$ cat input_24.txt   # compact mmCIF, C-alpha atoms
# COMPACT_ATOMS: atom_id res chain seq x y z
CA MET E 1 42.14 292.89 67.01
CA PHE E 2 45.34 294.53 68.18
CA LYS E 3 46.71 291.17 69.35
CA ARG E 4 45.91 289.52 66.04
CA PHE E 5 47.81 292.15 64.06
CA GLY E 6 50.62 292.43 66.63
CA TYR E 7 50.09 296.14 67.05
CA ALA E 8 52.68 296.61 69.83
CA SER E 9 55.50 295.01 67.85
CA HIS E 10 55.20 297.27 64.79
CA GLY E 11 56.95 300.55 64.16
CA ARG E 12 55.34 303.96 63.85
CA VAL E 13 54.62 303.80 60.11
CA GLU E 14 53.09 300.32 60.28
CA LYS E 15 50.95 301.36 63.27
CA GLY E 16 49.59 304.25 61.22
CA VAL E 17 48.71 301.91 58.35
CA LEU E 18 47.07 299.53 60.83
CA LEU E 19 45.03 302.37 62.39
CA ARG E 20 43.83 303.54 58.97
CA TYR E 21 42.84 299.93 58.17
CA ILE E 22 40.86 299.69 61.42
CA GLU E 23 39.17 303.02 60.65
CA ARG E 24 38.16 301.82 57.21
CA MET E 25 36.91 298.40 58.37
CA THR E 26 34.99 299.57 61.45
CA GLY E 27 33.72 302.95 60.25
CA LEU E 28 35.11 304.63 63.36
CA SER E 29 36.81 308.02 63.25
CA ARG E 30 40.53 308.53 63.84
CA GLN E 31 39.87 309.89 67.32
CA GLN E 32 37.72 306.92 68.26
CA VAL E 33 40.36 304.44 67.10
CA THR E 34 43.08 306.35 68.98
CA ARG E 35 40.90 306.24 72.11
CA LEU E 36 40.53 302.48 71.70
CA VAL E 37 44.31 302.07 71.36
CA ARG E 38 44.83 304.07 74.56
CA GLN E 39 42.26 301.93 76.35
CA TYR E 40 43.89 298.72 75.06
CA ARG E 41 47.31 299.83 76.27
CA LYS E 42 45.96 300.79 79.68
CA ASP E 43 43.60 297.86 80.43
CA GLY E 44 44.62 295.18 77.96
CA LYS E 45 40.92 294.99 77.02
CA LEU E 46 39.09 296.42 74.08
CA SER E 47 35.50 297.66 74.11
CA LYS E 48 34.04 300.43 72.07
CA TYR E 49 31.86 301.67 74.89
CA PRO E 50 33.37 301.69 78.37
CA GLN E 51 31.16 300.74 81.29
CA ARG E 52 29.22 303.77 82.47
CA VAL E 53 28.92 304.26 86.18
CA ALA E 54 26.43 306.53 87.86
CA PRO E 55 28.15 309.62 89.24
CA LYS E 56 28.88 309.53 92.93
CA ASN E 57 27.38 312.98 93.50
CA GLY E 58 24.62 312.95 90.90
CA PHE E 59 21.70 315.32 90.63
CA THR E 60 19.25 315.25 93.50
CA ARG E 61 15.61 314.90 92.59
CA ARG E 62 13.59 318.02 93.19
CA TYR E 63 10.17 316.38 92.86
CA THR E 64 9.53 313.39 95.10
CA VAL E 65 7.35 310.34 94.60
CA ALA E 66 4.72 312.09 96.73
CA ASP E 67 4.77 315.09 94.36
CA VAL E 68 4.13 312.78 91.42
CA ALA E 69 1.23 311.24 93.35
CA PHE E 70 -0.22 314.72 94.02
CA LEU E 71 0.06 315.57 90.32
CA ALA E 72 -1.77 312.34 89.44
CA GLU E 73 -4.45 313.20 92.02
CA MET E 74 -4.85 316.69 90.51
CA ASP E 75 -5.19 315.17 87.04
CA VAL E 76 -7.83 312.71 88.26
CA LEU E 77 -9.85 315.52 89.81
CA HIS E 78 -9.67 317.76 86.74
CA ASN E 79 -9.62 315.13 83.98
CA THR E 80 -6.01 315.79 82.82
CA LEU E 81 -6.08 319.40 81.71
CA SER E 82 -3.35 320.99 79.62
CA GLY E 83 0.03 321.63 81.22
CA PRO E 84 -0.41 325.41 81.74
CA ALA E 85 -3.88 324.93 83.25
CA THR E 86 -2.64 322.21 85.61
CA LYS E 87 0.33 324.38 86.63
CA LYS E 88 -2.06 327.26 87.43
CA LEU E 89 -4.28 324.95 89.50
CA MET E 90 -1.29 323.79 91.56
CA GLU E 91 -0.10 327.39 92.05
CA ARG E 92 -3.57 328.36 93.30
CA ALA E 93 -3.76 325.28 95.54
CA PHE E 94 -0.62 326.41 97.34
CA GLN E 95 -0.83 330.22 97.21
CA VAL E 96 -4.56 330.85 97.56
CA PHE E 97 -5.78 327.81 99.51
CA GLY E 98 -2.56 327.15 101.47
CA ASP E 99 -2.30 323.45 100.58
CA VAL E 100 1.32 322.66 101.52
CA ARG E 101 1.26 319.44 99.49
CA PHE E 102 1.64 321.55 96.35
CA GLU E 103 4.49 323.76 97.63
CA ARG E 104 7.14 322.30 95.28
CA LEU E 105 4.72 321.69 92.42
CA ALA E 106 3.58 325.35 92.47
CA ASP E 107 6.94 326.36 90.92
CA ILE E 108 7.16 323.57 88.34
CA SER E 109 7.68 324.49 84.70
CA VAL E 110 5.11 323.31 82.18
CA SER E 111 7.69 321.28 80.27
CA HIS E 112 8.81 319.48 83.42
CA LEU E 113 5.20 318.84 84.33
CA TYR E 114 4.92 316.86 81.08
CA ASN E 115 8.14 315.04 82.03
CA LEU E 116 6.53 313.99 85.32
CA ARG E 117 3.42 312.83 83.45
CA GLY E 118 5.65 310.56 81.38
CA ASN E 119 7.24 309.22 84.56
CA LYS E 120 6.74 305.53 85.32
CA GLN E 121 5.39 306.30 88.82
CA TYR E 122 2.78 308.66 87.35
CA GLN E 123 1.83 306.12 84.69
CA ASN E 124 1.29 303.45 87.36
CA LYS E 125 -1.05 305.74 89.29
CA ARG E 126 -2.89 307.32 86.38
CA ARG E 127 -3.44 305.75 83.03
CA HIS E 128 -5.59 307.78 80.70
CA TRP E 129 -7.41 305.61 78.15
CA THR E 130 -9.81 306.95 75.58
CA LYS E 131 -11.88 304.70 73.41
CA THR E 132 -12.00 305.23 69.70
CA ASN E 133 -15.30 306.84 68.83
CA PRO E 134 -17.19 305.18 65.99
CA THR E 135 -17.54 307.23 62.86
CA GLY E 136 -20.95 308.62 62.05
CA THR E 137 -20.54 308.17 58.32
CA PRO E 138 -19.94 304.78 56.79
CA ILE E 139 -16.50 304.36 55.27
CA GLY E 140 -16.04 302.55 51.98
CA LYS E 141 -19.70 302.09 51.11
CA ARG E 142 -20.41 302.30 47.40
CA ARG E 143 -23.70 303.97 46.71
CA ALA E 144 -25.09 306.67 44.49
CA PRO E 145 -25.30 310.14 46.04
CA GLN E 146 -28.65 311.41 47.24
CA PRO E 147 -28.68 315.06 46.06
CA ASN E 148 -32.28 315.77 47.13
CA GLY E 149 -32.67 318.20 44.25
CA ILE E 150 -29.52 320.17 45.03
CA PRO E 151 -27.09 320.54 42.12
CA GLY E 152 -23.37 319.93 42.55
CA TYR E 153 -23.27 316.25 43.45
CA ILE E 154 -21.04 314.43 41.01
CA ARG E 155 -21.27 310.79 40.05
CA ILE E 156 -18.53 308.98 38.12
CA ASP E 157 -19.72 306.28 35.71
CA SER E 158 -17.53 303.95 33.72
CA VAL E 159 -18.85 302.37 30.53
CA HIS E 160 -17.07 299.53 28.78
CA GLN E 161 -17.11 299.69 25.01
CA GLY E 162 -16.80 295.94 24.65
CA ASP E 163 -14.18 293.50 23.42
CA GLN E 164 -13.53 292.87 19.75
CA ASP E 165 -11.57 289.88 18.39
CA GLY E 166 -10.11 289.05 21.79
CA VAL E 167 -8.75 292.58 22.28
CA LYS E 168 -9.93 294.51 25.30
CA GLY E 169 -12.14 297.45 24.48
CA VAL E 170 -11.97 300.96 25.84
CA TYR E 171 -13.51 302.13 29.10
CA HIS E 172 -15.22 305.51 28.95
CA ILE E 173 -15.42 307.50 32.15
CA ASN E 174 -18.30 309.93 32.49
CA ALA E 175 -18.71 312.54 35.19
CA VAL E 176 -22.42 313.18 35.72
CA ASP E 177 -24.04 315.87 37.85
CA CYS E 178 -26.62 314.02 39.96
CA CYS E 179 -29.73 316.18 39.99
CA ASP E 180 -33.32 315.11 39.96
CA ALA E 181 -34.91 315.60 36.59
CA ASP E 182 -37.83 317.28 38.37
CA ALA E 183 -35.46 319.65 40.15
CA VAL E 184 -33.83 320.59 36.83
CA ARG E 185 -37.24 321.29 35.30
CA ARG E 186 -38.24 323.45 38.28
CA HIS E 187 -34.95 325.31 38.06
CA LEU E 188 -35.42 325.95 34.35
CA ARG E 189 -38.97 327.22 34.93
CA GLU E 190 -37.71 329.60 37.63
CA ASP E 191 -35.08 331.05 35.26
CA GLN E 192 -37.67 331.84 32.55
$ encode --input "input_24.txt" --output "structure tokens"
Amino acid sequence: MFKRFGYASHGRVEKGVLLRYIERMTGLSRQQVTRLVRQYRKDGKLSKYPQRVAPKNGFTRRYTVADVAFLAEMDVLHNTLSGPATKKLMERAFQVFGDVRFERLADISVSHLYNLRGNKQYQNKRRHWTKTNPTGTPIGKRRAPQPNGIPGYIRIDSVHQGDQDGVKGVYHINAVDCCDADAVRRHLREDQ
């Protein structure tokens, strides 16, 4: 873009106009455009995102692949308990029972324990699948309620008035309490 507009050959005022144009057309901020100009002058190339390189002295991993395997083993034995419960089990495994495999995992934070559970190595060792349980009540079935003599069950009825001269008639909607007639009679007798 800078070659096409001849950025280097322009004066200071024209460069400012050109930078504002680039800001407007790309949606980048002034600082981002200035950074791109600096990169273009230095390398002769233009890319919005420079190539990221892993740091030479990056963070060392505290928990090894073996630790992740021990966590997966603990979750298999105890059917994947909550994070705090699993942390407590690993603390006890090391401190009370002296199991040196859990030495590093005894000090793990609960939040990092969940990070390890999301780890690809953990997922390869332990996948936790649960089937969807069928519902006990049918969904979407249209049927009248069965009140068994208990008041408070409501039924909605719609009644069409009928059409007249090609014009649609009115629908009446009735809300009816579904009680047995016998239950109503018994209830009335009890009140008297």
$ closest_residue --input "input_24.txt" --among "E:Asn174, E:Asp75, E:Val68, E:Pro84" --to "Gln121 of chain E" --atoms "all atoms listed in the file"
E:Val68
$ atom_distance --input "input_24.txt" --atom1 "atom CA of Arg142 of chain E" --atom2 "atom CA of Ile156 of chain E"
11.6 Å
$ closest_residue --input "input_24.txt" --among "E:Val33, E:Asn148, E:Ile108, E:Val76" --to "Lys88 of chain E" --atoms "all atoms listed in the file"
E:Ile108
$ atom_distance --input "input_24.txt" --atom1 "atom CA of Ile150 of chain E" --atom2 "atom CA of Arg185 of chain E"
12.5 Å
$ atom_distance --input "input_24.txt" --atom1 "atom CA of Pro55 of chain E" --atom2 "atom CA of Leu105 of chain E"
26.5 Å
$ residues_around --input "input_24.txt" --residues "segment 118-120 of chain E" --least-positions-apart "4" --cutoff "12 Å" --atoms "all atoms listed in the file" --output "PDB file with C-alpha atoms, in the frame of the given file"
ATOM      1  CA  TYR E  63      10.170 316.380  92.860  1.00  0.00           C
ATOM      2  CA  THR E  64       9.530 313.390  95.100  1.00  0.00           C
ATOM      3  CA  VAL E  65       7.350 310.340  94.600  1.00  0.00           C
ATOM      4  CA  ASP E  67       4.770 315.090  94.360  1.00  0.00           C
ATOM      5  CA  VAL E  68       4.130 312.780  91.420  1.00  0.00           C
ATOM      6  CA  ALA E  69       1.230 311.240  93.350  1.00  0.00           C
ATOM      7  CA  LEU E  71       0.060 315.570  90.320  1.00  0.00           C
ATOM      8  CA  ALA E  72      -1.770 312.340  89.440  1.00  0.00           C
ATOM      9  CA  SER E 111       7.690 321.280  80.270  1.00  0.00           C
ATOM     10  CA  HIS E 112       8.810 319.480  83.420  1.00  0.00           C
ATOM     11  CA  LEU E 113       5.200 318.840  84.330  1.00  0.00           C
ATOM     12  CA  TYR E 114       4.920 316.860  81.080  1.00  0.00           C
ATOM     13  CA  ASN E 124       1.290 303.450  87.360  1.00  0.00           C
ATOM     14  CA  LYS E 125      -1.050 305.740  89.290  1.00  0.00           C
ATOM     15  CA  ARG E 126      -2.890 307.320  86.380  1.00  0.00           C
ATOM     16  CA  ARG E 127      -3.440 305.750  83.030  1.00  0.00           C
ATOM     17  CA  HIS E 128      -5.590 307.780  80.700  1.00  0.00           C
TER      18      HIS E 128
END
$ closest_residue --input "input_24.txt" --among "E:Gly152, E:Gly83, E:Thr34, E:Ser158" --to "Asn115 of chain E" --atoms "only C-alpha atoms"
E:Gly83
$ residues_around --input "input_24.txt" --residues "Phe94 of chain E" --least-positions-apart "5" --cutoff "10 Å" --atoms "only C-alpha atoms" --output "list in words"
Leu89, Asp99, Val100, Arg101, Phe102, Glu103, Arg104, Leu105, Ala106 and Asp107 of chain E
$ residues_around --input "input_24.txt" --residues "Lys15 of chain E" --least-positions-apart "6" --cutoff "10 Å" --atoms "all atoms listed in the file" --output "MDAnalysis selection string"
chainID E and resid 5:9 21
$ decode --input "input_24.txt" --residues "segment 29-41 of chain E" --atoms "C-alpha atoms" --output "PDB file, in the first residue's frame"
ATOM      1  CA  SER E  29      -5.761   3.239  15.094  1.00  0.00           C
ATOM      2  CA  ARG E  30      -3.105   5.918  14.579  1.00  0.00           C
ATOM      3  CA  GLN E  31      -0.616   3.963  16.684  1.00  0.00           C
ATOM      4  CA  GLN E  32      -1.183   0.787  14.693  1.00  0.00           C
ATOM      5  CA  VAL E  33      -0.660   2.584  11.382  1.00  0.00           C
ATOM      6  CA  THR E  34       2.497   4.266  12.715  1.00  0.00           C
ATOM      7  CA  ARG E  35       3.783   0.844  13.812  1.00  0.00           C
ATOM      8  CA  LEU E  36       3.132  -0.508  10.315  1.00  0.00           C
ATOM      9  CA  VAL E  37       5.044   2.416   8.755  1.00  0.00           C
ATOM     10  CA  ARG E  38       7.995   1.731  11.053  1.00  0.00           C
ATOM     11  CA  GLN E  39       7.914  -1.944  10.128  1.00  0.00           C
ATOM     12  CA  TYR E  40       7.728  -1.101   6.401  1.00  0.00           C
ATOM     13  CA  ARG E  41      10.719   1.213   6.649  1.00  0.00           C
TER      14      ARG E  41
END
